[in-house]
>>> print(open('query28.cif').read())   # mmCIF, C-alpha atoms and all ligand atoms
data_work
loop_
_atom_site.label_atom_id
_atom_site.label_comp_id
_atom_site.auth_asym_id
_atom_site.auth_seq_id
_atom_site.Cartn_x
_atom_site.Cartn_y
_atom_site.Cartn_z
CA MET A 42 17.85 100.72 244.81
CA PHE A 43 14.46 99.25 245.71
CA ALA A 44 15.45 95.76 244.50
CA LYS A 45 16.88 95.02 247.94
CA VAL A 46 13.55 95.73 249.68
CA LYS A 47 12.33 92.42 251.10
CA PRO A 48 9.58 93.11 253.63
CA ASN A 49 8.77 90.59 256.33
CA THR A 50 5.24 90.08 255.10
CA GLN A 51 3.05 87.28 253.83
CA PHE A 52 2.09 88.98 250.58
CA ILE A 53 2.29 92.80 250.54
CA GLY A 54 5.48 93.79 248.75
CA GLN A 55 6.66 90.26 247.97
CA ASN A 56 6.52 91.37 244.37
CA ILE A 57 7.67 94.92 243.58
CA ILE A 58 7.47 96.35 240.06
CA TYR A 59 9.81 99.29 239.72
CA PHE A 60 9.70 102.06 237.12
CA ASN A 61 11.92 105.05 236.56
CA GLN A 62 8.92 106.65 234.91
CA VAL A 63 5.29 105.69 234.43
CA ASP A 64 2.07 107.64 233.85
CA SER A 65 0.56 106.72 237.22
CA THR A 66 1.33 103.77 239.49
CA ASN A 67 -2.40 103.55 240.38
CA LYS A 68 -3.31 103.39 236.72
CA PHE A 69 -0.65 100.77 235.95
CA ALA A 70 -1.66 98.67 238.97
CA PHE A 71 -5.31 98.86 237.95
CA GLU A 72 -4.60 97.70 234.36
CA LEU A 73 -2.31 94.89 235.54
CA ASN A 74 -4.96 93.62 237.90
CA LYS A 75 -7.71 93.92 235.29
CA GLN A 76 -5.72 91.62 233.02
CA ASN A 77 -5.34 89.18 235.93
CA LEU A 78 -1.57 89.51 235.80
CA ALA A 79 -1.01 90.63 239.38
CA GLU A 80 -0.38 88.61 242.50
CA ASN A 81 -2.13 89.81 245.62
CA GLY A 82 -0.01 92.42 247.40
CA THR A 83 1.98 93.46 244.31
CA VAL A 84 3.55 96.89 244.69
CA VAL A 85 4.03 99.21 241.71
CA LEU A 86 6.58 101.92 242.46
CA ALA A 87 7.82 104.79 240.30
CA GLU A 88 10.49 107.42 240.66
CA TYR A 89 8.50 109.77 238.46
CA GLN A 90 4.89 109.93 237.29
CA THR A 91 3.86 111.86 234.20
CA GLU A 92 0.18 111.77 235.19
CA GLY A 93 0.25 111.30 238.97
CA ARG A 94 -3.31 111.28 240.22
CA GLY A 95 -4.67 112.75 243.43
CA GLN A 96 -8.08 112.69 245.06
CA PHE A 97 -11.02 114.49 243.52
CA ASN A 98 -9.30 114.79 240.12
CA ARG A 99 -6.33 116.66 241.50
CA GLU A 100 -2.83 115.86 240.26
CA TRP A 101 0.13 114.64 242.31
CA ILE A 102 3.45 116.22 241.50
CA SER A 103 6.66 114.97 243.07
CA LYS A 104 10.36 115.46 242.26
CA PRO A 105 12.02 112.31 240.84
CA TYR A 106 14.32 110.12 243.02
CA GLN A 107 13.49 111.95 246.24
CA ASN A 108 10.16 110.66 247.50
CA LEU A 109 8.01 107.52 247.59
CA MET A 110 5.21 106.98 245.09
CA PHE A 111 3.68 103.55 244.97
CA SER A 112 0.48 101.56 244.68
CA ILE A 113 -0.48 98.27 246.29
CA ILE A 114 -2.87 95.81 244.67
CA LEU A 115 -5.05 94.31 247.39
CA LYS A 116 -7.34 91.48 246.39
CA HIS A 117 -9.73 90.95 249.25
CA VAL A 118 -9.48 87.16 249.44
CA THR A 119 -10.87 87.12 252.96
CA LYS A 120 -13.94 89.30 253.33
CA VAL A 121 -13.27 92.78 254.68
CA PRO A 122 -15.82 94.21 257.11
CA SER A 123 -18.77 95.75 255.28
CA SER A 124 -17.90 99.36 255.93
CA PRO A 125 -17.19 101.17 252.66
CA PHE A 126 -14.52 103.47 254.02
CA ILE A 127 -12.64 100.96 256.17
CA VAL A 128 -9.73 100.22 253.78
CA ASN A 129 -9.25 103.95 253.43
CA LYS A 130 -9.22 104.46 257.20
CA MET A 131 -6.87 101.52 257.76
CA LEU A 132 -4.37 102.87 255.20
CA THR A 133 -4.58 106.49 256.32
CA LEU A 134 -4.14 105.52 259.96
CA THR A 135 -1.17 103.30 259.09
CA MET A 136 0.55 106.11 257.19
CA CYS A 137 -0.12 108.47 260.09
CA GLN A 138 1.41 105.97 262.55
CA CYS A 139 4.48 105.39 260.34
CA ILE A 140 5.10 109.12 260.00
CA GLN A 141 4.67 109.56 263.77
CA ASP A 142 7.30 106.84 264.26
CA TYR A 143 9.72 108.66 261.96
CA LEU A 144 9.01 112.06 263.52
CA PRO A 145 8.62 111.42 267.25
CA GLY A 146 7.23 114.30 269.27
CA GLN A 147 5.95 116.19 266.22
CA GLU A 148 2.36 117.11 265.45
CA VAL A 149 1.25 114.50 262.90
CA HIS A 150 -2.46 114.43 262.05
CA ILE A 151 -4.93 113.11 259.53
CA LYS A 152 -6.70 115.83 257.62
CA TRP A 153 -10.04 114.36 256.62
CA PRO A 154 -10.47 112.31 254.63
CA ASN A 155 -6.98 110.99 253.97
CA ASP A 156 -4.17 113.50 253.91
CA ILE A 157 -1.40 113.44 256.47
CA PHE A 158 -0.14 116.75 257.81
CA VAL A 159 2.92 117.45 259.93
CA ASN A 160 3.10 120.75 261.74
CA LYS A 161 0.20 121.95 259.56
CA ARG A 162 1.83 121.05 256.23
CA LYS A 163 0.95 118.18 253.95
CA ILE A 164 3.48 115.34 253.86
CA CYS A 165 1.48 112.45 252.43
CA GLY A 166 -1.43 111.95 250.04
CA ILE A 167 -3.48 108.79 249.65
CA LEU A 168 -5.70 107.65 246.81
CA VAL A 169 -7.68 104.44 247.35
CA GLU A 170 -9.58 103.11 244.35
CA ASN A 171 -12.05 100.36 245.24
CA ASN A 172 -13.70 97.85 242.92
CA TYR A 173 -17.08 96.38 243.90
CA SER A 174 -19.54 93.79 242.62
CA GLY A 175 -22.72 95.04 244.23
CA GLN A 176 -21.88 95.37 247.92
CA GLN A 177 -18.92 93.02 247.67
CA LEU A 178 -15.50 94.70 247.69
CA ASN A 179 -13.33 92.78 245.19
CA TYR A 180 -10.06 94.64 245.18
CA SER A 181 -8.52 97.97 246.09
CA ILE A 182 -5.62 99.89 244.61
CA LEU A 183 -3.90 101.72 247.45
CA GLY A 184 -1.94 104.69 246.09
CA ILE A 185 0.50 106.48 248.37
CA GLY A 186 2.63 109.56 247.80
CA LEU A 187 4.97 110.33 250.68
CA ASN A 188 7.37 113.27 250.62
CA VAL A 189 10.66 111.90 251.94
CA ASN A 190 13.75 113.88 250.93
CA GLN A 191 12.37 116.73 248.83
CA ASP A 192 13.14 120.20 250.12
CA PHE A 193 10.09 122.40 250.25
CA SER A 194 11.01 126.04 250.25
CA ARG A 195 9.38 128.81 252.22
CA HIS A 196 7.26 129.55 249.15
CA GLN A 197 5.64 126.13 249.37
CA LEU A 198 4.42 126.60 252.89
CA ASN A 199 1.65 124.07 252.58
CA ALA A 200 3.94 121.08 251.88
CA THR A 201 6.74 119.37 253.77
CA SER A 202 8.80 116.16 253.82
CA LEU A 203 10.31 113.80 256.39
CA LYS A 204 13.72 115.39 255.72
CA ASN A 205 12.35 118.92 256.17
CA GLU A 206 10.85 117.99 259.53
CA ALA A 207 13.57 115.64 260.84
CA GLY A 208 16.44 117.80 259.61
CA HIS A 209 18.25 114.93 257.94
CA PHE A 210 18.11 112.66 254.90
CA LYS A 211 15.99 109.51 255.14
CA ASP A 212 16.57 106.07 253.62
CA ARG A 213 13.71 105.49 251.16
CA PRO A 214 14.03 101.67 250.76
CA GLU A 215 14.08 101.23 254.54
CA ILE A 216 10.98 103.42 254.90
CA LEU A 217 9.18 101.53 252.14
CA LYS A 218 9.90 98.20 253.87
CA TYR A 219 8.61 99.51 257.19
CA ILE A 220 5.44 100.94 255.65
CA LEU A 221 4.61 97.74 253.75
CA GLU A 222 5.01 95.67 256.92
CA ARG A 223 2.79 98.03 258.93
CA ILE A 224 0.10 98.11 256.25
CA GLU A 225 -0.06 94.33 256.09
CA ALA A 226 -0.22 93.99 259.88
CA ASN A 227 -3.10 96.47 260.12
CA TYR A 228 -4.89 95.00 257.11
CA LEU A 229 -4.72 91.47 258.52
CA SER A 230 -6.00 92.71 261.89
CA LEU A 231 -9.07 94.31 260.26
CA PRO A 232 -11.73 91.67 260.85
CA ARG A 233 -11.23 91.75 264.63
CA ALA A 234 -9.74 95.25 265.08
CA MET A 235 -12.11 97.27 262.90
CA HIS A 236 -13.55 99.31 265.78
CA ASP A 237 -10.12 99.95 267.20
CA ILE A 238 -8.85 101.13 263.80
CA GLU A 239 -11.87 103.42 263.39
CA ASP A 240 -11.34 104.87 266.88
CA GLN A 241 -7.65 105.46 266.31
CA TYR A 242 -8.34 107.02 262.92
CA ASN A 243 -10.82 109.43 264.55
CA GLN A 244 -8.49 110.28 267.42
CA ASN A 245 -5.76 111.26 264.96
CA LEU A 246 -8.02 113.60 262.98
CA MET A 247 -6.92 117.23 262.95
CA GLY A 248 -9.34 119.09 265.22
CA TYR A 249 -10.54 115.95 267.03
CA ASN A 250 -12.20 116.94 270.28
CA ARG A 251 -10.94 120.49 270.07
CA ILE A 252 -12.21 123.71 268.54
CA ALA A 253 -11.09 124.17 264.95
CA SER A 254 -12.06 126.46 262.04
CA PHE A 255 -14.07 125.36 259.01
CA LEU A 256 -15.63 126.93 255.96
CA ILE A 257 -19.20 125.82 255.36
CA GLN A 258 -20.95 127.42 252.38
CA ASP A 259 -18.28 130.14 252.46
CA LYS A 260 -19.11 130.94 256.09
CA SER A 261 -16.47 130.64 258.78
CA VAL A 262 -17.59 128.19 261.48
CA GLU A 263 -15.97 127.02 264.72
CA ALA A 264 -16.56 123.34 265.44
CA THR A 265 -15.00 120.24 266.96
CA VAL A 266 -14.31 117.10 264.95
CA VAL A 267 -16.32 114.17 266.32
CA ALA A 268 -15.53 111.42 263.81
CA CYS A 269 -15.46 110.27 260.24
CA ASP A 270 -18.52 108.05 259.95
CA ARG A 271 -18.92 104.67 258.21
CA GLU A 272 -19.78 106.37 254.91
CA GLY A 273 -16.67 108.55 255.11
CA ARG A 274 -18.54 111.75 256.05
CA LEU A 275 -16.97 114.20 258.49
CA VAL A 276 -19.07 114.59 261.63
CA LEU A 277 -18.68 117.98 263.29
CA ASN A 278 -20.12 119.25 266.52
CA ILE A 279 -21.37 122.78 265.87
CA GLN A 280 -22.74 124.56 268.91
CA GLY A 281 -23.75 121.29 270.56
CA GLU A 282 -25.26 119.69 267.47
CA ASN A 283 -23.64 116.88 265.43
CA ARG A 284 -23.79 117.31 261.64
CA ALA A 285 -22.26 115.09 258.93
CA PHE A 286 -20.63 116.59 255.83
CA LEU A 287 -19.64 115.17 252.47
CA HIS A 288 -16.54 116.22 250.61
CA GLY A 289 -17.07 119.66 249.10
CA GLU A 290 -19.55 120.69 251.78
CA VAL A 291 -16.89 121.60 254.33
CA LYS A 292 -13.31 122.81 254.25
CA GLN A 293 -11.03 122.75 257.25
CA VAL A 294 -9.06 125.95 257.67
CA ILE A 295 -5.47 125.45 258.70
CA ASP A 296 -4.43 128.40 260.81
CA GLU A 297 -0.71 129.13 260.89
C1 LIG B 1 -3.95 113.30 247.11
O1 LIG B 1 -3.34 113.88 248.00
O2 LIG B 1 -4.84 113.87 246.47
C2 LIG B 1 -3.64 111.85 246.83
C3 LIG B 1 -2.31 111.69 246.14
C4 LIG B 1 -1.96 110.25 245.84
C5 LIG B 1 -0.67 110.18 245.05
C6 LIG B 1 -0.20 108.77 244.86
S1 LIG B 1 1.44 108.72 244.22
C7 LIG B 1 1.30 107.03 243.89
C8 LIG B 1 -0.12 106.78 243.40
N1 LIG B 1 -0.21 106.95 241.95
C9 LIG B 1 -0.98 107.99 241.62
O3 LIG B 1 -1.19 108.38 240.45
N2 LIG B 1 -1.45 108.58 242.72
C10 LIG B 1 -1.03 107.90 243.93
#
>>> encode(input="query28.cif", output="structure tokens")
Amino acid sequence: MFAKVKPNTQFIGQNIIYFNQVDSTNKFAFELNKQNLAENGTVVLAEYQTEGRGQFNREWISKPYQNLMFSIILKHVTKVPSSPFIVNKMLTLTMCQCIQDYLPGQEVHIKWPNDIFVNKRKICGILVENNYSGQQLNYSILGIGLNVNQDFSRHQLNATSLKNEAGHFKDRPEILKYILERIEANYLSLPRAMHDIEDQYNQNLMGYNRIASFLIQDKSVEATVVACDREGRLVLNIQGENRAFLHGEVKQVIDE
């Protein structure tokens, strides 16, 4: 099914390794790259993962043959701007833009740091694993889980899919091709468009420039989202004062 995917790219997705089942595409991509067996831009895609990994040691569970789960090996042959979170922002913004294109007119936002929500439900999770030598970013494994055709029932109110929101079945190979092309275009634009990508990332954050609810040390707080800073911290404006938070220090409350 995915064999016919031939993206119009220079390197991302020119080589696609397809599995019916694997432990984790991120893990496989990492091992392949470690053994120097991967071309730059190789995509590892699986229909089912037995040990799908999420951020902060969470797991990623997805029904087989219905969604997209893949990892991209990015070797940073040209230097990426020295901002540790930039690859993360570039990828998260790209996924947000792609989902907006597939769901025009719907509320699609980034939930800091890199989840995509549609109409207040999670549709896409991203796990970027970076490898450094000192300050130098060598390579990144970009892991993406996008809910495409899975039906999420009323009992799973916090998750959704493109099909759930659009009301009709979506073509997974076509979506994969589109995503790979958009990721490469944004990645290649990075050296000159870094500020623009950071701005657009911020503007798509849930709660950007508007009052939203957060939990800080178990206390309910009203604040506006100002930005995600260069270190990846969430900057909130609380009663006129800007404060930066690390993961675990703040939780955004999604009101129904
Ligand atoms: C999250 O929401 O916590 C991130 C989820 C990332 C899931 C994707 S699925 C493909 C790739 N392989 C993994 O094991 N994880 C990522």
>>> residues_near_point(input="query28.cif", point="(-19.8, 119.6, 268.6)", cutoff="8 Å", atoms="all atoms listed in the file", output="PDB file with C-alpha atoms, in the coordinates of the input")
ATOM      1  CA  ALA A 264     -16.560 123.340 265.440  1.00  0.00           C
ATOM      2  CA  THR A 265     -15.000 120.240 266.960  1.00  0.00           C
ATOM      3  CA  VAL A 266     -14.310 117.100 264.950  1.00  0.00           C
ATOM      4  CA  VAL A 267     -16.320 114.170 266.320  1.00  0.00           C
ATOM      5  CA  LEU A 277     -18.680 117.980 263.290  1.00  0.00           C
ATOM      6  CA  ASN A 278     -20.120 119.250 266.520  1.00  0.00           C
ATOM      7  CA  ILE A 279     -21.370 122.780 265.870  1.00  0.00           C
ATOM      8  CA  GLN A 280     -22.740 124.560 268.910  1.00  0.00           C
ATOM      9  CA  GLY A 281     -23.750 121.290 270.560  1.00  0.00           C
ATOM     10  CA  GLU A 282     -25.260 119.690 267.470  1.00  0.00           C
ATOM     11  CA  ASN A 283     -23.640 116.880 265.430  1.00  0.00           C
TER      12      ASN A 283
END
>>> closest_residue(input="query28.cif", among="A:Asn108, A:Asn61, A:Asn205, A:Asn172", to="ligand LIG 1 (chain B)", atoms="only C-alpha atoms and all ligand atoms")
A:Asn108
>>> residues_near_ligand(input="query28.cif", ligand="ligand LIG 1 (chain B)", cutoff="8 Å", atoms="all atoms listed in the file", output="MDAnalysis selection string")
chainID A and resid 64:68 86:87 90 92:101 109:112 155:156 165:168 183:187
>>> closest_residue(input="query28.cif", among="A:Val159, A:Glu88, A:Phe193, A:Ala207", to="Tyr143 (chain A)", atoms="only C-alpha atoms")
A:Ala207
>>> closest_residue(input="query28.cif", among="A:Glu263, A:Ile114, A:Phe255, A:Arg162", to="Phe286 (chain A)", atoms="all atoms listed in the file")
A:Phe255
>>> closest_residue(input="query28.cif", among="A:Tyr89, A:Tyr228, A:Tyr249, A:Phe210", to="Val118 (chain A)", atoms="only C-alpha atoms")
A:Tyr228
>>> atom_distance(input="query28.cif", atom1="CA of Glu239 (chain A)", atom2="CA of Ile252 (chain A)")
20.9 Å
>>> closest_residue(input="query28.cif", among="A:Asn243, A:Val84, A:Lys260, A:Val149", to="Val46 (chain A)", atoms="only C-alpha atoms")
A:Val84
>>> atom_distance(input="query28.cif", atom1="CA of Ile113 (chain A)", atom2="CA of Asp192 (chain A)")
26.1 Å
>>> closest_residue(input="query28.cif", among="A:Ile224, A:Leu78, A:Val294, A:Val121", to="Gly54 (chain A)", atoms="all atoms listed in the file")
A:Ile224
>>> residues_near_point(input="query28.cif", point="(-17.4, 117.8, 249.2)", cutoff="12 Å", atoms="all atoms listed in the file", output="count of residues only")
19
>>> atom_distance(input="query28.cif", atom1="CA of Asp142 (chain A)", atom2="CA of His117 (chain A)")
27.7 Å
>>> residues_around(input="query28.cif", residues="Lys152 (chain A)", least_positions_apart="6", cutoff="7 Å", atoms="only C-alpha atoms", output="tab-separated table (two decimals) with C-alpha atoms, in the frame of the given file")
chain	number	residue	atom	x	y	z
A	158	PHE	CA	-0.14	116.75	257.81
A	246	LEU	CA	-8.02	113.60	262.98
A	247	MET	CA	-6.92	117.23	262.95
>>> residues_around(input="query28.cif", residues="Thr135 (chain A)", least_positions_apart="3", cutoff="8 Å", atoms="only C-alpha atoms", output="PyMOL selection string")
chain A and resi 131-132+138-139+220+223-224+227
>>> residues_around(input="query28.cif", residues="Met42 (chain A)", least_positions_apart="4", cutoff="10 Å", atoms="all atoms listed in the file", output="ChimeraX atom specification")
/A:46,59,213-214
>>> build_atoms(input="query28.cif", residues="region 165-176 of chain A", atoms="all heavy atoms", output="JSON list (two decimals), in the frame of the given file")
[["chain", "number", "residue", "atom", "x", "y", "z"],
["A", 165, "CYS", "N", 1.85, 113.71, 253.07],
["A", 165, "CYS", "CA", 1.48, 112.45, 252.43],
["A", 165, "CYS", "C", 0.06, 112.52, 251.88],
["A", 165, "CYS", "O", -0.84, 113.04, 252.55],
["A", 165, "CYS", "CB", 1.58, 111.32, 253.47],
["A", 165, "CYS", "SG", 1.09, 109.70, 252.89],
["A", 166, "GLY", "N", -0.10, 112.03, 250.66],
["A", 166, "GLY", "CA", -1.43, 111.95, 250.04],
["A", 166, "GLY", "C", -1.77, 110.50, 249.72],
["A", 166, "GLY", "O", -0.88, 109.71, 249.39],
["A", 167, "ILE", "N", -3.03, 110.18, 249.83],
["A", 167, "ILE", "CA", -3.48, 108.79, 249.65],
["A", 167, "ILE", "C", -4.65, 108.76, 248.68],
["A", 167, "ILE", "O", -5.57, 109.58, 248.78],
["A", 167, "ILE", "CB", -3.90, 108.23, 251.03],
["A", 167, "ILE", "CG1", -2.63, 107.98, 251.87],
["A", 167, "ILE", "CG2", -4.72, 106.94, 250.90],
["A", 167, "ILE", "CD1", -2.90, 107.73, 253.32],
["A", 168, "LEU", "N", -4.60, 107.82, 247.76],
["A", 168, "LEU", "CA", -5.70, 107.65, 246.81],
["A", 168, "LEU", "C", -6.07, 106.17, 246.75],
["A", 168, "LEU", "O", -5.33, 105.36, 246.21],
["A", 168, "LEU", "CB", -5.26, 108.14, 245.42],
["A", 168, "LEU", "CG", -6.28, 107.98, 244.30],
["A", 168, "LEU", "CD1", -7.51, 108.86, 244.54],
["A", 168, "LEU", "CD2", -5.65, 108.35, 242.96],
["A", 169, "VAL", "N", -7.21, 105.83, 247.36],
["A", 169, "VAL", "CA", -7.68, 104.44, 247.35],
["A", 169, "VAL", "C", -8.76, 104.30, 246.29],
["A", 169, "VAL", "O", -9.74, 105.05, 246.29],
["A", 169, "VAL", "CB", -8.24, 104.03, 248.73],
["A", 169, "VAL", "CG1", -8.81, 102.61, 248.68],
["A", 169, "VAL", "CG2", -7.17, 104.13, 249.80],
["A", 170, "GLU", "N", -8.56, 103.36, 245.38],
["A", 170, "GLU", "CA", -9.58, 103.11, 244.35],
["A", 170, "GLU", "C", -10.13, 101.70, 244.56],
["A", 170, "GLU", "O", -9.39, 100.72, 244.47],
["A", 170, "GLU", "CB", -8.98, 103.30, 242.96],
["A", 170, "GLU", "CG", -8.51, 104.76, 242.81],
["A", 170, "GLU", "CD", -7.91, 105.11, 241.47],
["A", 170, "GLU", "OE1", -6.77, 104.69, 241.20],
["A", 170, "GLU", "OE2", -8.57, 105.81, 240.69],
["A", 171, "ASN", "N", -11.42, 101.64, 244.91],
["A", 171, "ASN", "CA", -12.05, 100.36, 245.24],
["A", 171, "ASN", "C", -12.85, 99.81, 244.07],
["A", 171, "ASN", "O", -13.46, 100.57, 243.32],
["A", 171, "ASN", "CB", -13.02, 100.54, 246.42],
["A", 171, "ASN", "CG", -12.30, 100.77, 247.73],
["A", 171, "ASN", "OD1", -11.28, 100.14, 248.00],
["A", 171, "ASN", "ND2", -12.82, 101.66, 248.55],
["A", 172, "ASN", "N", -12.87, 98.49, 243.95],
["A", 172, "ASN", "CA", -13.70, 97.85, 242.92],
["A", 172, "ASN", "C", -14.72, 96.93, 243.60],
["A", 172, "ASN", "O", -14.34, 96.08, 244.40],
["A", 172, "ASN", "CB", -12.81, 97.04, 241.97],
["A", 172, "ASN", "CG", -13.64, 96.30, 240.94],
["A", 172, "ASN", "OD1", -14.16, 95.23, 241.21],
["A", 172, "ASN", "ND2", -13.78, 96.88, 239.76],
["A", 173, "TYR", "N", -15.98, 97.14, 243.28],
["A", 173, "TYR", "CA", -17.08, 96.38, 243.90],
["A", 173, "TYR", "C", -17.85, 95.55, 242.88],
["A", 173, "TYR", "O", -17.95, 95.94, 241.71],
["A", 173, "TYR", "CB", -18.11, 97.34, 244.51],
["A", 173, "TYR", "CG", -17.67, 98.06, 245.73],
["A", 173, "TYR", "CD1", -17.07, 99.31, 245.64],
["A", 173, "TYR", "CD2", -17.89, 97.51, 246.99],
["A", 173, "TYR", "CE1", -16.69, 100.00, 246.79],
["A", 173, "TYR", "CE2", -17.51, 98.19, 248.14],
["A", 173, "TYR", "CZ", -16.91, 99.43, 248.02],
["A", 173, "TYR", "OH", -16.54, 100.11, 249.15],
["A", 174, "SER", "N", -18.43, 94.44, 243.35],
["A", 174, "SER", "CA", -19.54, 93.79, 242.62],
["A", 174, "SER", "C", -20.72, 93.91, 243.58],
["A", 174, "SER", "O", -20.74, 93.22, 244.60],
["A", 174, "SER", "CB", -19.28, 92.31, 242.38],
["A", 174, "SER", "OG", -18.08, 92.13, 241.71],
["A", 175, "GLY", "N", -21.64, 94.77, 243.27],
["A", 175, "GLY", "CA", -22.72, 95.04, 244.23],
["A", 175, "GLY", "C", -22.12, 95.60, 245.51],
["A", 175, "GLY", "O", -21.38, 96.58, 245.48],
["A", 176, "GLN", "N", -22.41, 94.93, 246.62],
["A", 176, "GLN", "CA", -21.88, 95.37, 247.92],
["A", 176, "GLN", "C", -20.51, 94.77, 248.22],
["A", 176, "GLN", "O", -19.85, 95.15, 249.17],
["A", 176, "GLN", "CB", -22.83, 94.91, 249.05],
["A", 176, "GLN", "CG", -24.21, 95.47, 248.96],
["A", 176, "GLN", "CD", -24.27, 96.82, 249.65],
["A", 176, "GLN", "OE1", -23.66, 97.80, 249.21],
["A", 176, "GLN", "NE2", -25.00, 96.88, 250.75]]
